[in-house]
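Report on the following structure.
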Number of protein chains: 6
Amino acid sequence: MGKTRVLCSAFLEESVPNWLKGSGKGWLTAEYSMLPGSSAQRIQRERNKVGGRTHEIQRLIGRSLRTAIDLNLLGEKSILVDCDVIDADGGTRTAAITGSYIAVCLAIQKLKGKYPSLQSALKTQVAAISVGIVKGVPLLDLNYEEDKDAEVDMNIVRTGTEKFVEVQGTAESQPFDDKGLQDLLTLAKKGIQDLFEVQKKALSL
Amino acid sequence: MGKTRVLCSAFLEESVPNWLKGSGKGWLTAEYSMLPGSSAQRIQRERNKVGGRTHEIQRLIGRSLRTAIDLNLLGEKSILVDCDVIDADGGTRTAAITGSYIAVCLAIQKLKGKYPSLQSALKTQVAAISVGIVKGVPLLDLNYEEDKDAEVDMNIVRTGTEKFVEVQGTAESQPFDDKGLQDLLTLAKKGIQDLFEVQKKALSL
Amino acid sequence: MGKTRVLCSAFLEESVPNWLKGSGKGWLTAEYSMLPGSSAQRIQRERNKVGGRTHEIQRLIGRSLRTAIDLNLLGEKSILVDCDVIDADGGTRTAAITGSYIAVCLAIQKLKGKYPSLQSALKTQVAAISVGIVKGVPLLDLNYEEDKDAEVDMNIVRTGTEKFVEVQGTAESQPFDDKGLQDLLTLAKKGIQDLFEVQKKALSL
Amino acid sequence: MGKTRVLCSAFLEESVPNWLKGSGKGWLTAEYSMLPGSSAQRIQRERNKVGGRTHEIQRLIGRSLRTAIDLNLLGEKSILVDCDVIDADGGTRTAAITGSYIAVCLAIQKLKGKYPSLQSALKTQVAAISVGIVKGVPLLDLNYEEDKDAEVDMNIVRTGTEKFVEVQGTAESQPFDDKGLQDLLTLAKKGIQDLFEVQKKALSL
Amino acid sequence: MGKTRVLCSAFLEESVPNWLKGSGKGWLTAEYSMLPGSSAQRIQRERNKVGGRTHEIQRLIGRSLRTAIDLNLLGEKSILVDCDVIDADGGTRTAAITGSYIAVCLAIQKLKGKYPSLQSALKTQVAAISVGIVKGVPLLDLNYEEDKDAEVDMNIVRTGTEKFVEVQGTAESQPFDDKGLQDLLTLAKKGIQDLFEVQKKALSL
Amino acid sequence: MGKTRVLCSAFLEESVPNWLKGSGKGWLTAEYSMLPGSSAQRIQRERNKVGGRTHEIQRLIGRSLRTAIDLNLLGEKSILVDCDVIDADGGTRTAAITGSYIAVCLAIQKLKGKYPSLQSALKTQVAAISVGIVKGVPLLDLNYEEDKDAEVDMNIVRTGTEKFVEVQGTAESQPFDDKGLQDLLTLAKKGIQDLFEVQKKALSL
């Protein structure tokens with residue numbers, strides 16, 4: 001993920017949101033934040049109100065990781081994921097997803113003695129990457145400079161079973177045609193394959 | 001859009017956000033809200049804090065409509081779009097985009113006498129539709145009942161020049177494969193063509 | 001009510017505020033809001049804090065409609081009234097009261113099968129109107145232009161049994177004498193009689 | 001005012017709200033608060049959000065005192081009135097108006113050397129009182145026990161020129177007829193006459 | 001305490017914060033506020049957010065008074081202390097502590113009939129004073145003018161058993177050496193002895 | 001500092017708070033936060049309101065570091081310090097002060113080419129340590145387990161010129177006598193000497 005660094009942690013709580021009480025199902029939710037010093041320009045803390053961008057990213061991380069978990073097997077427990085960006089150089093939300101998957105796995109490894117159902121709750125690997133079109137050229141894993149100039153910005157989340165969890169493509173300055181879309185999808189699928197290997201390596205340590 | 005009804009309005013303001021002051025460029029921003037009585041279950045007003053879903057939708061509407069406008073030709077002015085859902089039966093965010101495009105055009109028609117540059121600021125038509133996979137079958141323009149059961153939910157925004165502005169596909173319960181993705185894109189492109197006709201008709205009145 | 005249009009809806013909830021729990025009594029509460037596009041000048045949404053004017057109006061609507069209901073017969077249920085102003089041309093708070101009375105009646109008609117006690121909970125008709133003194137002349141149902149110039153502004157709420165629920169007279173620029181007060185009361189009583197007929201007609205549909 | 005005690009203070013600021021800048025006109029605004037220890041039941045501080053009742057009272061105090069001042073003669077200055085209830089035994093809002101009038105006069109006496117225009121800005125005396133109907137009997141200046149049981153609660157604000165500034169009558173449990181209204185107005189007018197004498201005495205010290 | 005005046009009140013509540021439920025222990029918490037008119041410059045109300053200084057003072061008052069109480073003997077009850085500054089002339093936080101001790105004692109005297117355990121819950125007398133170094137000279141009980149110019153500002157809280165509860169010394173403009181620290185401690189200990197006498201006198205009334 | 005780890009960063013801004021505009025003086029302010037994953041129990045983010053403890057710590061860090069800087073020589077600029085706790089094992093506030101001093105020095109080294117006055121603005125070294133009394137024994141640099149059981153908790157901030165900036169001693173469960181206070185001061189002075197060496201080593205890299 002280039003120079004981007006995100007601290008990811010996962011906690012297990014023996015409770016669920018009100019609307020799931022009595023359902024027997026669990027939940028996973030995520031919070032995302034950029035540390036003030038993570039960027040060359042100081043990032044202001046979101047202490048009075050959480051901005052739209054942060055909400056959007058948190059929801060994306062949560063949805064993506066819930067695909068990795070069988071919430072019925074989890075039982076009435078919640079996994080709380082925290083992603084704190086230490087250094088931001090593009091692709092922080094996809095790095096947060098890829099890294100949090102590892103944090104969730106480590107938490108499950110640590111707690112499966114106490115909660116045996118946890119192990120089987122893990123359904124599939126999940127990883128994410130950003131792709132984009134910069135000056136007409138499709139690029140993988142954009143850094144800050146490339147991202148700033150991108151005509152199209154796309155975040156892709158995939159499962160270890162080679163399916164899509166999220167396809168979020170946005171025309172920043174130029175709408176894109178079918179060919180552009182297909183090129184980006186191809187690029188992303190390849191990049192995510194590499195991330196799956198990195199995740200496996202991290203978890204075998 | 002089925003039984004969904006969204007009140008869309010557009011205002012022009014002779015100012016821009018701080019970060020655009022002195023740039024000569026304009027801006028367009030959107031607010032979205034569901035009236036308490038728009039659903040069978042009362043929707044709570046967002047008076048203390050605006051939820052993540054609302055933020056996400058507002059940002060999508062704003063980004064989509066900015067593609068229709070040449071912000072350089074607009075000059076240092078802001079278009080404020082308001083989308084208030086009167087009746088919600090699925091697809092409120094895409095209905096808001098399609099309807100707001102009309103509101104923006106009507107505002108421009110009304111004000112082009114006073115601000116001649118406005119007319120040429122309109123670059124292209126923009127419309128949006130939702131598609132999804134329900135029990136394995138790709139469907140166009142899901143209503144509330146269909147949306148609730150959808151395995152995959154996708155919102156597509158396109159320009160009159162037949163390009164993508166946004167592709168937002170989310171696996172709600174089942175990740176989707178390439179074929180599913182391509183089927184949804186095909187369906188959406190067709191549906192949006194029909195909406196472009198409806199917009200033209202509304203504007204010729 | 002001239003060009004003023006207010007969407008009124010009423011929901012029944014099977015709960016009451018904490019301070020009524022165990023009392024056997026019900027409650028009715030109201031929320032009021034102006035849509036951003038309801039006025040020629042865009043009205044800002046009250047998303048961070050609800051202003052004093054809104055609080056004042058909501059409390060007035062709630063108090064007025066509670067007079068129409070026997071809260072003991074309602075039982076431990078709450079009626080939630082929502083008044084959303086679509087077009088504002090003066091007298092929005094009195095229009096909200098007069099219209100919400102109809103919404104409450106329709107809700108009761110719909111739900112009396114399920115909750116037979118509801119029917120008898122309705123005690124009396126309630127309607128409201130604004131009056132004012134403009135350039136020395138008492139006027140009924142002021143529109144925006146008249147309201148802006150009014151020396152005295154008064155809102156009157158009455159029951160179908162020809163009694164006062166609220167008398168709220170305010171000197172905007174000129175304090176008023178006894179004769180002015182009596183003239184306004186006479187005018188308002190007549191105007192409200194007409195509104196009672198309109199309500200009856202709406203409910204017989 | 002019985003056992004009710006309200007600390008009233010007035011400050012002069014050399015600025016006005018934005019919407020009055022450049023108008024040459026001044027403004028007067030009021031804040032009202034009950035100290036936690038002012039009642040037998042502790043009153044919670046309004047630190048996160050100001051409640052509807054407080055907003056309503058603050059606006060009433062502000063409107064009432066603005067009638068006493070010629071805002072054009074005041075010039076682009078603001079008078080900030082603060083009313084803090086030390087002991088609450090009914091009628092705190094009317095006590096706040098009557099007391100604040102004295103605070104405003106004392107502030108003007110103190111500052112008229114520095115700002116000669118202040119003296120002539122004072123147009124008329126203003127005082128307020130509460131009246132109500134308790135068990136069918138009209139009563140003047142209700143204390144807490146009487147207020148709790150009142151069928152009708154009315155606050156009247158009058159000028160030294162014997163005119164009405166505010167007439168705010170509310171049926172708490174029983175709507176009231178014309179005779180009830182007229183009785184309360186008569187009672188209030190007499191009570192306010194006495195308060196005008198008290199104010200004069202306080203200011204001659 | 002010179003011209004400083006603080007209204008102190010104490011309430012007893014039959015509940016404790018969540019984290020103490022079931023512990024059998026009680027709690028004491030304090031709120032502190034300056035009235036807008038307590039200073040020559042109007043003090044703004046903390047209605048949207050409570051500032052850092054207020055938080056710091058409230059925590060200090062709470063911690064100090066908890067030393068006076070045996071929270072185990074108090075049982076699952078809370079004492080709520082409110083300190084509202086009427087006139088501020090330096091040392092308001094220490095005046096609040098010294099005065100609140102009296103309020104807590106009076107509340108206990110009043111309620112010990114109903115709750116006999118209260119009497120024995122009172123462990124020791126607590127009082128506080130400010131000291132400081134102004135132009136190199138250690139001073140006791142600084143007023144506003146002295147406080148403004150102080151190089152070092154220190155607040156000391158002591159028990160009737162001649163021990164320290166809090167020692168809070170802050171270099172405002174000049175760091176201080178050991179001798180400065182010892183001089184201030186000596187001065188404070190003497191001053192607090194006098195306050196203990198004042199408290200005893202107030203409580204014997 | 002044991003297992004405690006705090007990320008400290010410093011930014012320079014070419015502006016000052018309003019109350020310093022035109023004074024020619026600069027300012028330094030600090031923000032402090034604990035990451036959710038910094039403790040065995042997840043720490044909740046302070047997104048709606050910043051708690052009293054955080055305010056207290058931020059103000060302490062700010063005051064302490066301002067002693068290191070000649071704010072007149074800084075000119076109308078602000079240094080913004082951010083302290084984010086990655087791992088919390090006691091003494092996070094003192095670690096934040098000691099670490100932030102290094103961050104401020106590094107920022108000054110980096111920016112002194114652009115702003116030559118910065119170099120001379122640095123007056124003295126500043127470091128901080130916690131001490132406490134645990135089971136009657138004075139201890140240096142308490143870890144989480146020791147801190148939890150401490151009877152007395154004290155934070156000391158000192159300058160390189162061997163003077164006190166802050167002395168903040170608090171009796172958690174037992175008030176302390178003169179001897180206890182002197183023992184803690186002696187211990188802290190020794191510990192801070194060691195931290196000054198660590199800071200020098202870090203800055204010579």
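Note on naming: chains are A, B, ... as they come in the structure tokens, residues start from 1 per chain, ligands start from 1 in the order shown.
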* To do: Do a neighbour search on segment 49-58 of chain C at 12 Å with only C-alpha atoms, toss out local chain neighbours closer than 4 positions, and write the hits as a ChimeraX atom specification.
  => /B:45-50 /C:28-34,44-45,62-65,80-85,91-97,100,155,168 /D:31,48-60 /E:47-48
Could the residues in this selection be saved with C-alpha atoms as an mmCIF file, in the first residue's frame?
```cif
data_model
loop_
_atom_site.group_PDB
_atom_site.id
_atom_site.type_symbol
_atom_site.label_atom_id
_atom_site.label_comp_id
_atom_site.auth_asym_id
_atom_site.auth_seq_id
_atom_site.Cartn_x
_atom_site.Cartn_y
_atom_site.Cartn_z
ATOM 1 C CA ARG B 45 -35.844 13.656 11.911
ATOM 2 C CA GLU B 46 -32.058 14.130 11.881
ATOM 3 C CA ARG B 47 -31.976 17.151 14.143
ATOM 4 C CA ASN B 48 -29.074 16.440 16.435
ATOM 5 C CA LYS B 49 -26.828 14.562 14.096
ATOM 6 C CA VAL B 50 -27.010 13.576 10.471
ATOM 7 C CA LEU C 28 -49.575 13.915 21.876
ATOM 8 C CA THR C 29 -46.481 15.667 20.631
ATOM 9 C CA ALA C 30 -45.710 17.584 17.445
ATOM 10 C CA GLU C 31 -42.749 18.401 15.239
ATOM 11 C CA TYR C 32 -42.709 21.286 12.761
ATOM 12 C CA SER C 33 -40.281 22.025 9.994
ATOM 13 C CA MET C 34 -40.029 24.254 6.930
ATOM 14 C CA GLN C 44 -31.747 26.332 6.263
ATOM 15 C CA ARG C 45 -32.386 22.862 7.697
ATOM 16 C CA GLY C 62 -48.801 20.037 20.634
ATOM 17 C CA ARG C 63 -50.701 21.956 23.325
ATOM 18 C CA SER C 64 -53.483 22.877 20.910
ATOM 19 C CA LEU C 65 -54.084 19.344 19.683
ATOM 20 C CA LEU C 80 -46.842 11.880 16.974
ATOM 21 C CA VAL C 81 -47.819 14.729 14.676
ATOM 22 C CA ASP C 82 -45.475 15.955 11.930
ATOM 23 C CA CYS C 83 -46.035 19.244 10.130
ATOM 24 C CA ASP C 84 -43.758 19.932 7.176
ATOM 25 C CA VAL C 85 -44.248 23.218 5.375
ATOM 26 C CA GLY C 91 -49.770 31.569 8.943
ATOM 27 C CA THR C 92 -47.841 28.303 8.740
ATOM 28 C CA ARG C 93 -48.245 27.500 12.436
ATOM 29 C CA THR C 94 -52.011 27.982 12.417
ATOM 30 C CA ALA C 95 -52.318 26.031 9.153
ATOM 31 C CA ALA C 96 -50.305 23.264 10.820
ATOM 32 C CA ILE C 97 -52.766 23.093 13.738
ATOM 33 C CA SER C 100 -53.016 18.264 11.897
ATOM 34 C CA ASN C 155 -52.601 33.537 16.730
ATOM 35 C CA GLN C 168 -51.122 34.684 21.569
ATOM 36 C CA GLU D 31 -31.028 34.806 28.046
ATOM 37 C CA ASN D 48 -25.950 20.314 25.630
ATOM 38 C CA LYS D 49 -29.142 21.733 24.285
ATOM 39 C CA VAL D 50 -31.442 24.519 25.314
ATOM 40 C CA GLY D 51 -34.995 23.251 25.790
ATOM 41 C CA GLY D 52 -38.129 24.531 24.109
ATOM 42 C CA ARG D 53 -39.465 26.182 27.261
ATOM 43 C CA THR D 54 -36.267 28.195 27.716
ATOM 44 C CA HIS D 55 -36.280 29.318 24.080
ATOM 45 C CA GLU D 56 -39.887 30.400 24.399
ATOM 46 C CA ILE D 57 -39.186 32.411 27.555
ATOM 47 C CA GLN D 58 -36.034 34.046 26.190
ATOM 48 C CA ARG D 59 -37.856 35.186 23.091
ATOM 49 C CA LEU D 60 -40.707 36.581 25.182
ATOM 50 C CA ARG E 47 -24.795 26.018 26.437
ATOM 51 C CA ASN E 48 -23.374 24.191 23.468
#
```
* If we count only C-alpha atoms, what is near Ser78 of chain F at a cut-off of 10 Å, once residues fewer than 5 positions away on the same chain are taken out, given as a PyMOL selection string? -> chain F and resi 11-17+25-29+71
If you take only C-alpha atoms and a cut-off of 6 Å, which residues of chain F touch chain E, and what are their nearest atom pairs and distances in Å to one decimal, in chain and number order, as JSON lines?
```
{"residue": "F:Gly52", "atom": "CA", "partner": "E:His55", "partner_atom": "CA", "distance": 4.8}
{"residue": "F:His55", "atom": "CA", "partner": "E:Gly52", "partner_atom": "CA", "distance": 4.8}
{"residue": "F:Glu56", "atom": "CA", "partner": "E:Glu56", "partner_atom": "CA", "distance": 5.5}
{"residue": "F:Lys163", "atom": "CA", "partner": "E:Asp177", "partner_atom": "CA", "distance": 4.9}
{"residue": "F:Phe164", "atom": "CA", "partner": "E:Phe176", "partner_atom": "CA", "distance": 5.2}
{"residue": "F:Val165", "atom": "CA", "partner": "E:Pro175", "partner_atom": "CA", "distance": 5.0}
{"residue": "F:Glu166", "atom": "CA", "partner": "E:Thr170", "partner_atom": "CA", "distance": 4.7}
{"residue": "F:Val167", "atom": "CA", "partner": "E:Gly169", "partner_atom": "CA", "distance": 5.0}
{"residue": "F:Gln168", "atom": "CA", "partner": "E:Gln168", "partner_atom": "CA", "distance": 4.5}
{"residue": "F:Gly169", "atom": "CA", "partner": "E:Val167", "partner_atom": "CA", "distance": 5.0}
{"residue": "F:Thr170", "atom": "CA", "partner": "E:Glu166", "partner_atom": "CA", "distance": 4.7}
{"residue": "F:Ala171", "atom": "CA", "partner": "E:Val165", "partner_atom": "CA", "distance": 5.0}
{"residue": "F:Pro175", "atom": "CA", "partner": "E:Val165", "partner_atom": "CA", "distance": 5.0}
{"residue": "F:Phe176", "atom": "CA", "partner": "E:Phe164", "partner_atom": "CA", "distance": 5.2}
{"residue": "F:Asp177", "atom": "CA", "partner": "E:Lys163", "partner_atom": "CA", "distance": 4.9}
```
Save out the residues we just selected, N, CA and C atoms, as a CSV table (one decimal), in the first residue's frame.
```
chain,number,residue,atom,x,y,z
F,52,GLY,N,-14.0,15.6,30.3
F,52,GLY,CA,-13.3,16.4,31.2
F,52,GLY,C,-11.8,16.0,31.4
F,55,HIS,N,-9.8,17.3,28.4
F,55,HIS,CA,-9.6,18.7,28.5
F,55,HIS,C,-8.5,19.0,29.4
F,56,GLU,N,-8.6,18.4,30.6
F,56,GLU,CA,-7.6,18.7,31.6
F,56,GLU,C,-6.2,18.3,31.2
F,163,LYS,N,13.7,24.0,37.5
F,163,LYS,CA,12.5,24.7,38.1
F,163,LYS,C,11.2,23.9,37.8
F,164,PHE,N,10.2,24.2,38.7
F,164,PHE,CA,8.9,23.6,38.5
F,164,PHE,C,8.1,24.3,37.5
F,165,VAL,N,7.4,23.6,36.6
F,165,VAL,CA,6.4,24.2,35.7
F,165,VAL,C,5.0,23.9,36.3
F,166,GLU,N,4.9,22.6,36.7
F,166,GLU,CA,3.6,22.2,37.3
F,166,GLU,C,3.9,21.2,38.4
F,167,VAL,N,3.1,21.3,39.5
F,167,VAL,CA,3.1,20.3,40.5
F,167,VAL,C,1.6,20.0,40.7
F,168,GLN,N,1.2,18.8,40.3
F,168,GLN,CA,-0.2,18.4,40.4
F,168,GLN,C,-0.3,17.2,41.2
F,169,GLY,N,-0.6,17.3,42.5
F,169,GLY,CA,-0.7,16.1,43.4
F,169,GLY,C,-2.1,16.0,43.8
F,170,THR,N,-2.6,14.8,43.7
F,170,THR,CA,-4.0,14.5,44.0
F,170,THR,C,-4.1,13.3,44.9
F,171,ALA,N,-4.9,13.4,46.1
F,171,ALA,CA,-5.1,12.3,46.9
F,171,ALA,C,-6.2,11.5,46.3
F,175,PRO,N,-5.6,11.3,51.9
F,175,PRO,CA,-4.8,12.6,51.9
F,175,PRO,C,-3.4,12.4,52.4
F,176,PHE,N,-2.5,13.2,52.0
F,176,PHE,CA,-1.1,12.9,52.3
F,176,PHE,C,-0.5,14.1,53.1
F,177,ASP,N,0.6,13.7,53.9
F,177,ASP,CA,1.2,14.7,54.7
F,177,ASP,C,2.4,15.4,54.1
```
* **Long-range neighbours of Leu195 of chain C as a ChimeraX atom specification, 10 Å cut-off, only C-alpha atoms, 6 positions minimum in chain** => /C:1,95,98-99,126-129,201
* To one decimal in Å, tell me the separation between atom CA of Lys110 of chain D and atom CA of Val6 of chain E. => 25.4 Å
* Residues of chain F in strand (DSSP E) according to DSSP, as JSON, numbers by chain? -> {"F": [5, 6, 7, 8, 9, 10, 11, 12, 13, 27, 28, 29, 30, 31, 32, 33, 34, 78, 79, 80, 81, 82, 83, 84, 85, 86, 87, 126, 127, 128, 129, 130, 131, 132, 133, 134, 137, 138, 139, 140, 152, 153, 154, 155, 156, 157, 158, 159, 164, 165, 166, 167, 168, 169, 170, 171]}
